[in-house]
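Colleague: File coords13.cif below, mmCIF, C-alpha atoms:
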data_work
#
loop_
_atom_site.label_atom_id
_atom_site.label_comp_id
_atom_site.auth_asym_id
_atom_site.auth_seq_id
_atom_site.Cartn_x
_atom_site.Cartn_y
_atom_site.Cartn_z
CA MET G 3 -46.26 29.41 -9.71
CA LEU G 4 -45.20 31.50 -6.71
CA LEU G 5 -41.63 32.79 -6.41
CA VAL G 6 -40.07 33.65 -3.03
CA GLY G 7 -36.82 35.48 -2.38
CA ASP G 8 -35.42 34.93 1.13
CA ASP G 9 -32.48 37.06 2.31
CA TRP G 10 -31.47 35.49 5.60
CA ALA G 11 -29.56 36.84 8.58
CA GLU G 12 -28.77 35.35 11.97
CA ASP G 13 -31.98 36.55 13.62
CA HIS G 14 -34.37 37.43 10.77
CA HIS G 15 -35.36 36.82 7.13
CA ASP G 16 -36.39 39.44 4.56
CA VAL G 17 -38.74 37.82 2.08
CA GLU G 18 -40.48 38.89 -1.11
CA LEU G 19 -43.22 37.02 -2.99
CA GLN G 20 -43.67 37.42 -6.76
CA ASN G 21 -45.97 35.92 -9.37
CA GLU G 22 -44.72 34.57 -12.68
CA ALA G 23 -45.06 37.99 -14.30
CA GLY G 24 -42.62 39.48 -11.78
CA ARG G 25 -45.19 41.52 -9.88
CA ARG G 26 -44.47 41.83 -6.19
CA LEU G 27 -47.26 40.31 -4.13
CA ALA G 28 -45.89 40.72 -0.61
CA ARG G 29 -42.81 41.75 1.34
CA ALA G 30 -42.03 41.13 4.99
CA ARG G 31 -39.30 40.76 7.60
CA LEU G 32 -39.75 37.55 9.56
CA PRO G 33 -38.05 36.40 12.78
CA GLU G 34 -35.82 33.35 12.74
CA GLY G 35 -37.48 30.26 14.16
CA VAL G 36 -40.86 28.56 14.25
CA ALA G 37 -42.84 31.82 14.38
CA GLY G 38 -41.08 33.12 11.27
CA VAL G 39 -41.68 29.92 9.31
CA ALA G 40 -45.36 29.95 10.32
CA ARG G 41 -45.73 33.55 9.12
CA LEU G 42 -44.05 32.66 5.79
CA HIS G 43 -46.53 29.80 5.31
CA GLU G 44 -49.36 32.28 5.94
CA LEU G 45 -48.02 34.72 3.35
CA ILE G 46 -47.70 31.95 0.78
CA GLY G 47 -51.17 30.65 1.60
CA GLU G 48 -52.65 34.10 1.05
CA HIS G 49 -51.36 34.23 -2.54
CA LEU G 50 -51.37 30.60 -3.63
CA ALA G 51 -54.48 28.98 -5.08
CA ALA G 52 -56.35 26.72 -2.69
CA ASP G 53 -55.86 23.65 -4.88
CA ALA G 54 -52.20 24.40 -5.66
CA ASP G 55 -49.42 22.00 -4.77
CA PRO G 56 -46.58 23.18 -2.45
CA GLY G 57 -44.20 22.18 -5.23
CA GLN G 58 -45.44 25.23 -7.15
CA VAL G 59 -43.61 27.44 -4.66
CA ALA G 60 -39.96 28.14 -5.52
CA VAL G 61 -37.75 29.70 -2.85
CA GLY G 62 -34.34 31.27 -3.48
CA ILE G 63 -32.01 31.58 -0.48
CA GLU G 64 -28.24 31.94 -0.09
CA THR G 65 -27.70 28.77 1.96
CA ASP G 66 -28.50 25.07 1.80
CA ARG G 67 -28.31 24.25 5.51
CA GLY G 68 -30.02 24.96 8.79
CA GLY G 69 -33.40 24.33 10.35
CA TRP G 70 -35.13 27.04 8.31
CA VAL G 71 -34.14 25.46 4.98
CA GLN G 72 -35.10 21.99 6.19
CA ALA G 73 -38.50 23.31 7.30
CA LEU G 74 -39.15 24.75 3.83
CA ILE G 75 -38.16 21.47 2.16
CA ALA G 76 -40.34 19.49 4.58
CA ALA G 77 -43.27 21.73 3.66
CA GLY G 78 -42.89 20.63 0.03
CA TYR G 79 -41.46 23.85 -1.41
CA THR G 80 -38.71 23.73 -4.03
CA VAL G 81 -35.71 25.43 -2.44
CA TYR G 82 -32.81 26.73 -4.52
CA ALA G 83 -29.50 27.36 -2.74
CA ILE G 84 -27.92 30.28 -4.60
CA ASN G 85 -24.28 31.25 -4.27
CA PRO G 86 -23.90 34.85 -3.00
CA ARG G 87 -21.55 35.58 -5.90
CA GLN G 88 -24.26 34.62 -8.36
CA VAL G 89 -26.61 37.02 -6.60
CA ALA G 90 -24.03 39.82 -6.81
CA ARG G 91 -23.45 39.22 -10.54
CA TYR G 92 -27.22 39.13 -11.19
CA ARG G 93 -27.64 42.40 -9.31
CA GLU G 94 -24.93 44.02 -11.44
CA ARG G 95 -26.71 42.89 -14.62
CA HIS G 96 -29.84 44.80 -13.67
CA GLY G 97 -28.47 47.88 -11.92
CA THR G 98 -25.46 50.19 -11.83
CA SER G 99 -25.80 51.95 -8.47
CA GLY G 100 -24.20 49.17 -6.44
CA ALA G 101 -26.64 49.88 -3.61
CA LYS G 102 -27.40 46.86 -1.43
CA SER G 103 -30.13 46.22 1.11
CA ASP G 104 -31.81 43.20 2.68
CA ALA G 105 -35.13 43.96 0.98
CA GLY G 106 -33.30 44.52 -2.31
CA ASP G 107 -31.53 41.17 -1.99
CA ALA G 108 -34.84 39.42 -1.33
CA HIS G 109 -36.18 41.00 -4.53
CA THR G 110 -33.11 39.86 -6.48
CA LEU G 111 -33.44 36.29 -5.18
CA ALA G 112 -37.12 36.18 -6.16
CA ASP G 113 -36.22 37.48 -9.62
CA MET G 114 -33.52 34.82 -10.00
CA VAL G 115 -35.80 31.88 -9.21
CA ARG G 116 -38.38 33.39 -11.59
CA THR G 117 -36.06 33.83 -14.57
CA ASP G 118 -33.05 31.57 -14.01
CA ARG G 119 -34.21 28.62 -11.91
CA HIS G 120 -33.52 26.25 -14.81
CA GLN G 121 -29.82 26.96 -14.16
CA LEU G 122 -30.02 26.73 -10.36
CA ARG G 123 -29.60 23.70 -8.11
CA ALA G 124 -32.54 22.63 -6.00
CA VAL G 125 -31.69 21.47 -2.48
CA ALA G 126 -32.50 17.79 -1.95
CA GLY G 127 -34.27 16.77 1.21
CA ASP G 128 -32.03 14.62 3.43
CA SER G 129 -32.98 12.02 5.99
CA ALA G 130 -32.29 12.69 9.66
CA GLN G 131 -29.35 10.29 9.51
CA ALA G 132 -27.91 12.05 6.46
CA GLN G 133 -28.24 15.39 8.22
CA ALA G 134 -26.41 13.99 11.25
CA VAL G 135 -23.58 12.69 9.06
CA LYS G 136 -23.32 16.09 7.37
CA VAL G 137 -23.05 17.89 10.72
CA VAL G 138 -20.36 15.49 11.97
CA ALA G 139 -18.42 15.72 8.70
CA ARG G 140 -18.43 19.54 8.80
CA ALA G 141 -17.35 19.54 12.45
CA HIS G 142 -14.52 17.17 11.59
CA GLN G 143 -13.43 19.40 8.71
CA THR G 144 -13.50 22.50 10.94
CA LEU G 145 -11.37 20.81 13.61
CA ILE G 146 -8.77 19.77 11.04
CA TRP G 147 -8.62 23.29 9.59
CA GLU G 148 -8.29 24.83 13.07
CA ARG G 149 -5.51 22.39 13.98
CA HIS G 150 -3.62 23.40 10.84
CA ARG G 151 -4.00 27.11 11.62
CA HIS G 152 -2.71 26.59 15.17
CA MET G 153 0.22 24.58 13.81
CA LEU G 154 1.18 27.42 11.46
CA ARG G 155 1.09 29.92 14.34
CA LEU G 156 3.24 27.61 16.46
CA ARG G 157 5.67 27.09 13.59
CA THR G 158 6.05 30.86 13.13
CA ALA G 159 6.78 31.34 16.85
CA LEU G 160 9.30 28.50 16.88
CA ARG G 161 11.10 29.79 13.81
CA GLU G 162 11.67 33.13 15.56
CA PHE G 163 12.49 31.82 19.05
CA PHE G 164 13.29 28.10 18.98
CA PRO G 165 14.42 26.98 15.48
CA ALA G 166 15.96 23.76 16.82
CA ALA G 167 12.44 22.48 17.49
CA LEU G 168 11.64 22.67 13.78
CA GLU G 169 14.58 20.37 13.07
CA ALA G 170 13.63 18.01 15.90
CA PHE G 171 9.93 17.64 15.09
CA ALA G 172 8.78 16.98 11.54
CA ASP G 173 5.11 17.10 12.57
CA LEU G 174 4.27 19.80 15.09
CA THR G 175 0.78 18.35 15.60
CA ALA G 176 2.10 14.94 16.69
CA PRO G 177 1.45 14.00 20.35
CA ASP G 178 5.14 13.43 21.11
CA ALA G 179 6.11 16.84 19.69
CA LEU G 180 3.44 18.65 21.70
CA GLU G 181 4.33 16.77 24.89
CA LEU G 182 8.04 17.53 24.59
CA LEU G 183 7.39 21.19 23.72
CA ALA G 184 5.14 21.50 26.76
CA ARG G 185 7.83 19.90 28.93
CA ALA G 186 10.66 22.01 27.48
CA PRO G 187 9.25 25.10 25.73
CA ASP G 188 12.55 26.93 25.26
CA PRO G 189 15.99 26.10 23.84
CA VAL G 190 17.75 25.90 27.21
CA SER G 191 15.37 23.44 28.88
CA ALA G 192 15.01 21.43 25.65
CA ALA G 193 18.77 20.98 25.42
CA ARG G 194 18.73 19.54 28.96
CA LEU G 195 16.23 16.79 28.11
CA SER G 196 17.76 13.39 28.64
CA ARG G 197 17.35 10.54 26.22
CA PRO G 198 15.18 8.54 28.70
CA GLN G 199 12.83 11.53 29.06
CA ILE G 200 12.50 11.82 25.28
CA SER G 201 12.05 8.04 24.91
CA ALA G 202 9.29 8.02 27.53
CA ALA G 203 7.37 10.72 25.61
CA LEU G 204 7.81 8.79 22.36
CA LYS G 205 6.58 5.56 23.92
CA ARG G 206 3.47 7.28 25.27
CA ALA G 207 2.83 8.49 21.70
CA ARG G 208 3.47 4.94 20.37
CA ARG G 209 6.53 5.96 18.40
CA GLN G 210 9.74 4.04 17.82
CA ALA G 211 11.73 5.31 20.76
CA GLU G 212 15.47 4.59 20.62
CA ASP G 213 16.65 5.82 17.22
CA LYS G 214 14.22 8.71 17.12
CA ALA G 215 15.08 9.80 20.68
CA ALA G 216 18.73 10.12 19.74
CA ALA G 217 17.86 12.15 16.63
CA ILE G 218 15.55 14.48 18.58
CA GLN G 219 18.12 14.98 21.32
CA GLY G 220 20.78 15.83 18.76
CA ALA G 221 18.51 18.31 16.99
CA LEU G 222 17.48 20.02 20.24
CA ARG G 223 21.14 20.49 21.16
CA THR G 224 22.01 22.10 17.83
CA VAL G 225 23.35 25.63 18.20
CA HIS G 226 21.07 28.32 16.78
CA LEU G 227 20.51 32.01 17.16
CA GLU G 228 18.01 32.28 20.00
CA GLY G 229 15.43 34.79 21.06
CA LYS G 230 15.51 36.03 24.64
CA PRO G 231 12.71 36.22 27.18
CA VAL G 232 11.21 39.67 27.62
CA GLU G 233 11.73 41.30 31.02
CA ARG G 234 9.40 43.91 32.40
CA ARG G 235 10.16 45.79 35.63
CA ALA G 236 7.82 47.75 37.85
CA LYS G 237 7.97 49.31 41.30
CA VAL G 238 5.24 48.72 43.87
CA PHE G 239 5.03 51.45 46.50
CA ARG G 240 3.70 50.31 49.86
CA GLY G 241 3.28 53.68 51.60
CA ASN G 242 3.95 54.57 55.27
CA ASP G 243 7.55 55.39 54.39
CA ARG G 244 8.23 51.71 53.74
CA PRO G 245 10.63 50.96 50.88
CA PRO G 246 9.01 49.87 47.61
CA TYR G 247 9.20 46.44 46.00
CA GLU G 248 10.67 46.03 42.55
CA LEU G 249 8.98 43.37 40.42
CA SER G 250 10.73 41.60 37.56
CA ILE G 251 8.34 39.75 35.25
CA TRP G 252 9.73 37.43 32.58
CA LEU G 253 7.56 36.49 29.62
CA SER G 254 8.51 33.65 27.32
CA PRO G 255 7.74 34.57 23.67
CA ILE G 256 6.71 31.01 22.71
CA PRO G 257 2.98 30.12 22.91
CA ILE G 258 2.23 26.44 23.47
CA PRO G 259 -1.34 25.37 22.47
CA GLY G 260 -3.33 24.11 25.44
CA GLN G 261 -0.76 25.35 27.99
CA GLU G 262 -1.11 28.29 30.33
CA ILE G 263 1.37 31.14 30.07
CA HIS G 264 3.82 30.90 32.96
CA LEU G 265 5.21 34.09 34.47
CA LEU G 266 8.38 34.17 36.53
CA VAL G 267 8.04 36.97 39.08
CA ARG G 268 11.10 38.04 41.06
CA VAL G 269 10.46 40.42 43.95
CA GLU G 270 13.31 42.61 45.12
CA GLU G 271 13.26 45.27 47.82
CA VAL G 272 14.64 48.51 46.44
CA ASP G 273 17.11 50.54 48.46
CA PRO G 274 15.97 54.19 48.22
CA ARG G 275 19.59 55.31 48.49
CA ARG G 276 20.41 53.32 45.36
CA ASP G 277 17.74 55.22 43.44
CA GLN G 278 19.19 58.55 44.65
CA GLU G 279 22.64 57.54 43.49
CA ARG G 280 21.41 56.72 39.96
#
Please express what this file holds, its structure, as structure tokens.
Modeller:
Amino acid sequence: MLLVGDDWAEDHHDVELQNEAGRRLARARLPEGVAGVARLHELIGEHLAADADPGQVAVGIETDRGGWVQALIAAGYTVYAINPRQVARYRERHGTSGAKSDAGDAHTLADMVRTDRHQLRAVAGDSAQAQAVKVVARAHQTLIWERHRHMLRLRTALREFFPAALEAFADLTAPDALELLARAPDPVSAARLSRPQISAALKRARRQAEDKAAAIQGALRTVHLEGKPVERRAKVFRGNDRPPYELSIWLSPIPIPGQEIHLLVRVEEVDPRRDQER
């Protein structure tokens, strides 16, 4: 039996090979990719009997996904996906310094598959179709989580600046809510929305228009404490004894996902005599 500890990183793998007695046979840092897998096969071949089965090679690694893991499974090795917390606890059992290194982690992983593999979970080889489903499912999960995070950020901004929107829209991720917020991203413009404008947005989102439009309009016209846009002023000097321009830039404090930030710039010519009088 040959035991392999594989501490992986984005661009390399630190590996250690042990025999069943725990003696280290080899240690190496391998590049990620085909060249690294080929070199790992060479190291294993150097220390495995010629008539041995690939199933006699046990690999411990802190992940169960990716091309590297699939290549090891395809080669016939038994791959154990080990939780990083398990590795940390195992390290604490056998040392007190708390020191951590890639080579040291590879040694710990090899030790774990040598002594504790009866308690570890071997990674099952999946078909190409199963792998594709897994990738799509994880992408779907990530998108849902990201949408929820963006919704919480939007909700926080609305609570501080535009609380009427929280009363008007129960679901801030709904198409009609996002369309109306993009059309009227502040309390003043939202209060000016007519019922036909709100109904049109609801119909495009396939919502019941009439009753809900009236409720949304009423909520948007509710009186609340409101935040104010932030004004920043700056003078632009043109030289040649020409009077400067004064720029007024207004920033709305509400971020709308998927919408650009709009700046209102007002340019005024400054009277030098006015500055002297101040």
Colleague: Using the chain letters and numbers from this file, what does the PyMOL selection byres ((chain G and resi 116) around 9) select? Give the answer as a list in words.
Modeller: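 Listing what the PyMOL selection byres ((chain G and resi 116) around 9) selects in the shown file: Leu4, Leu5, Val6, Gln20, Asn21, Glu22, Ala23, Gly24, Ala60, Leu111, Ala112, Asp113, Met114, Val115, Thr117, Asp118 and Arg119 of chain G.
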Colleague: Which residue gives the smallest distance to Gly62 of chain G among G:Ile200, G:Leu122, G:Ala176, G:Leu156, with only C-alpha atoms counted?
Modeller: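 Of G:Ile200, G:Leu122, G:Ala176, G:Leu156, the one nearest Gly62 of chain G, counting only C-alpha atoms, is G:Leu122.
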Colleague: Give the answer as one residue: which of G:Pro198, G:Gly38, G:Gly78, G:Pro56 has the shortest atom-to-atom distance to Asp13 of chain G, using only C-alpha atoms?
Modeller: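 For Asp13 of chain G, the nearest of the given residues is G:Gly38.
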Colleague: Enter the distance from atom CA of His49 of chain G to atom CA of Leu27 of chain G, in Å, rounded to one decimal.
Modeller: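 Computing the Euclidean distance for atom CA of His49 of chain G and atom CA of Leu27 of chain G yields 7.5 Å.
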Colleague: Identify which of the residues G:Arg41, G:Pro165, G:Val190, G:Ala77 lies closest to Arg29 of chain G, counting only C-alpha atoms when measuring atom-to-atom distances.
Modeller: G:Arg41
Colleague: Pick the closest to Ala40 of chain G from G:Ala54, G:Trp70, G:Glu18, G:Pro189: which is it, counting all atoms listed in the file?
Modeller: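 Of the candidates, the smallest distance to Ala40 of chain G is held by G:Trp70.
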Colleague: Please measure the separation of atom CA of Arg25 of chain G and atom CA of Val59 of chain G, giving the value in Å to one decimal.
Modeller: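 Between atom CA of Arg25 of chain G and atom CA of Val59 of chain G the gap works out to 15.1 Å.
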Colleague: Going by the chain IDs and residue numbers used in this file, which residues fall under the PyMOL selection byres ((chain G and resi 225) around 12)? Write them as an NGL selection string.
Modeller: :G and (164-167 or 169 or 189-190 or 192-193 or 220-224 or 226-228)
Colleague: Tell me which of G:Leu74, G:Leu174, G:Trp147, G:Ala207 sits closest to Leu160 of chain G, counting only C-alpha atoms.
Modeller: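 Checking each candidate against Leu160 of chain G, we get G:Leu174 as the closest.
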Colleague: Between atom CA of His96 of chain G and atom CA of Pro33 of chain G, measure the distance and give it in Å to one decimal.
Modeller: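 We find that atom CA of His96 of chain G and atom CA of Pro33 of chain G lie 28.9 Å from each other.
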Colleague: May I ask which of the residues G:Ala76, G:Val61, G:Leu19, G:Ala132 is the closest one to His109 of chain G, counting only C-alpha atoms?
Modeller: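 When distances to His109 of chain G are compared using only C-alpha atoms, the smallest one comes from G:Leu19.
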Colleague: Run through the PyMOL selection byres ((chain G and resi 34) around 10) on the given coordinates and return the selected residues as a ChimeraX atom specification.
Modeller: /G:10-15,31-33,35-39,69-70
Colleague: If you keep C-alpha atoms, can you produce a file of those selected residues as a PDB file, in the frame of the given file?
Modeller:
ATOM      1  CA  TRP G  10     -31.470  35.490   5.600  1.00  0.00           C
ATOM      2  CA  ALA G  11     -29.560  36.840   8.580  1.00  0.00           C
ATOM      3  CA  GLU G  12     -28.770  35.350  11.970  1.00  0.00           C
ATOM      4  CA  ASP G  13     -31.980  36.550  13.620  1.00  0.00           C
ATOM      5  CA  HIS G  14     -34.370  37.430  10.770  1.00  0.00           C
ATOM      6  CA  HIS G  15     -35.360  36.820   7.130  1.00  0.00           C
ATOM      7  CA  ARG G  31     -39.300  40.760   7.600  1.00  0.00           C
ATOM      8  CA  LEU G  32     -39.750  37.550   9.560  1.00  0.00           C
ATOM      9  CA  PRO G  33     -38.050  36.400  12.780  1.00  0.00           C
ATOM     10  CA  GLY G  35     -37.480  30.260  14.160  1.00  0.00           C
ATOM     11  CA  VAL G  36     -40.860  28.560  14.250  1.00  0.00           C
ATOM     12  CA  ALA G  37     -42.840  31.820  14.380  1.00  0.00           C
ATOM     13  CA  GLY G  38     -41.080  33.120  11.270  1.00  0.00           C
ATOM     14  CA  VAL G  39     -41.680  29.920   9.310  1.00  0.00           C
ATOM     15  CA  GLY G  69     -33.400  24.330  10.350  1.00  0.00           C
ATOM     16  CA  TRP G  70     -35.130  27.040   8.310  1.00  0.00           C
TER      17      TRP G  70
END
Colleague: Name the residues in contact with Arg157 of chain G at a cut-off of 12 Å, using all atoms listed in the file, excluding same-chain residues fewer than 5 positions from it; report them as a compact mmCIF listing (two decimals) with C-alpha atoms, keeping the file's coordinate frame.
Modeller:
# COMPACT_ATOMS: atom_id res chain seq x y z
CA HIS G 150 -3.62 23.40 10.84
CA ARG G 151 -4.00 27.11 11.62
CA HIS G 152 -2.71 26.59 15.17
CA GLU G 162 11.67 33.13 15.56
CA PHE G 163 12.49 31.82 19.05
CA PHE G 164 13.29 28.10 18.98
CA PRO G 165 14.42 26.98 15.48
CA ALA G 166 15.96 23.76 16.82
CA ALA G 167 12.44 22.48 17.49
CA LEU G 168 11.64 22.67 13.78
CA GLU G 169 14.58 20.37 13.07
CA PHE G 171 9.93 17.64 15.09
CA ALA G 172 8.78 16.98 11.54
CA ASP G 173 5.11 17.10 12.57
CA LEU G 174 4.27 19.80 15.09
CA THR G 175 0.78 18.35 15.60
CA ALA G 179 6.11 16.84 19.69
CA LEU G 180 3.44 18.65 21.70
CA LEU G 183 7.39 21.19 23.72
CA ILE G 256 6.71 31.01 22.71
CA PRO G 257 2.98 30.12 22.91
CA ILE G 258 2.23 26.44 23.47
CA PRO G 259 -1.34 25.37 22.47
Colleague: Since the input lacks atoms, please generate N, CA and C atoms for segment 120-132 of chain G and provide them as a compact mmCIF listing (two decimals), in the coordinates of the input.
Modeller:
# COMPACT_ATOMS: atom_id res chain seq x y z
N HIS G 120 -33.94 27.40 -14.02
CA HIS G 120 -33.52 26.25 -14.81
C HIS G 120 -32.00 26.05 -14.74
N GLN G 121 -31.27 27.07 -14.29
CA GLN G 121 -29.82 26.96 -14.16
C GLN G 121 -29.38 26.85 -12.70
N LEU G 122 -30.34 26.79 -11.79
CA LEU G 122 -30.02 26.73 -10.36
C LEU G 122 -30.18 25.31 -9.84
N ARG G 123 -29.56 25.04 -8.72
CA ARG G 123 -29.60 23.70 -8.11
C ARG G 123 -30.61 23.69 -6.98
N ALA G 124 -31.56 22.78 -7.08
CA ALA G 124 -32.54 22.63 -6.00
C ALA G 124 -31.92 21.80 -4.88
N VAL G 125 -32.22 22.19 -3.64
CA VAL G 125 -31.69 21.47 -2.48
C VAL G 125 -32.50 20.20 -2.28
N ALA G 126 -31.81 19.07 -2.17
CA ALA G 126 -32.50 17.79 -1.95
C ALA G 126 -32.79 17.63 -0.46
N GLY G 127 -33.91 17.06 -0.17
CA GLY G 127 -34.27 16.77 1.21
C GLY G 127 -33.48 15.57 1.72
N ASP G 128 -32.82 15.70 2.87
CA ASP G 128 -32.03 14.62 3.43
C ASP G 128 -32.77 13.97 4.59
N SER G 129 -32.45 12.71 4.83
CA SER G 129 -32.98 12.02 5.99
C SER G 129 -32.31 12.56 7.25
N ALA G 130 -32.88 12.24 8.40
CA ALA G 130 -32.29 12.69 9.66
C ALA G 130 -30.88 12.14 9.82
N GLN G 131 -30.67 10.89 9.39
CA GLN G 131 -29.35 10.29 9.51
C GLN G 131 -28.35 10.99 8.60
N ALA G 132 -28.79 11.33 7.38
CA ALA G 132 -27.91 12.05 6.46
C ALA G 132 -27.55 13.43 7.00
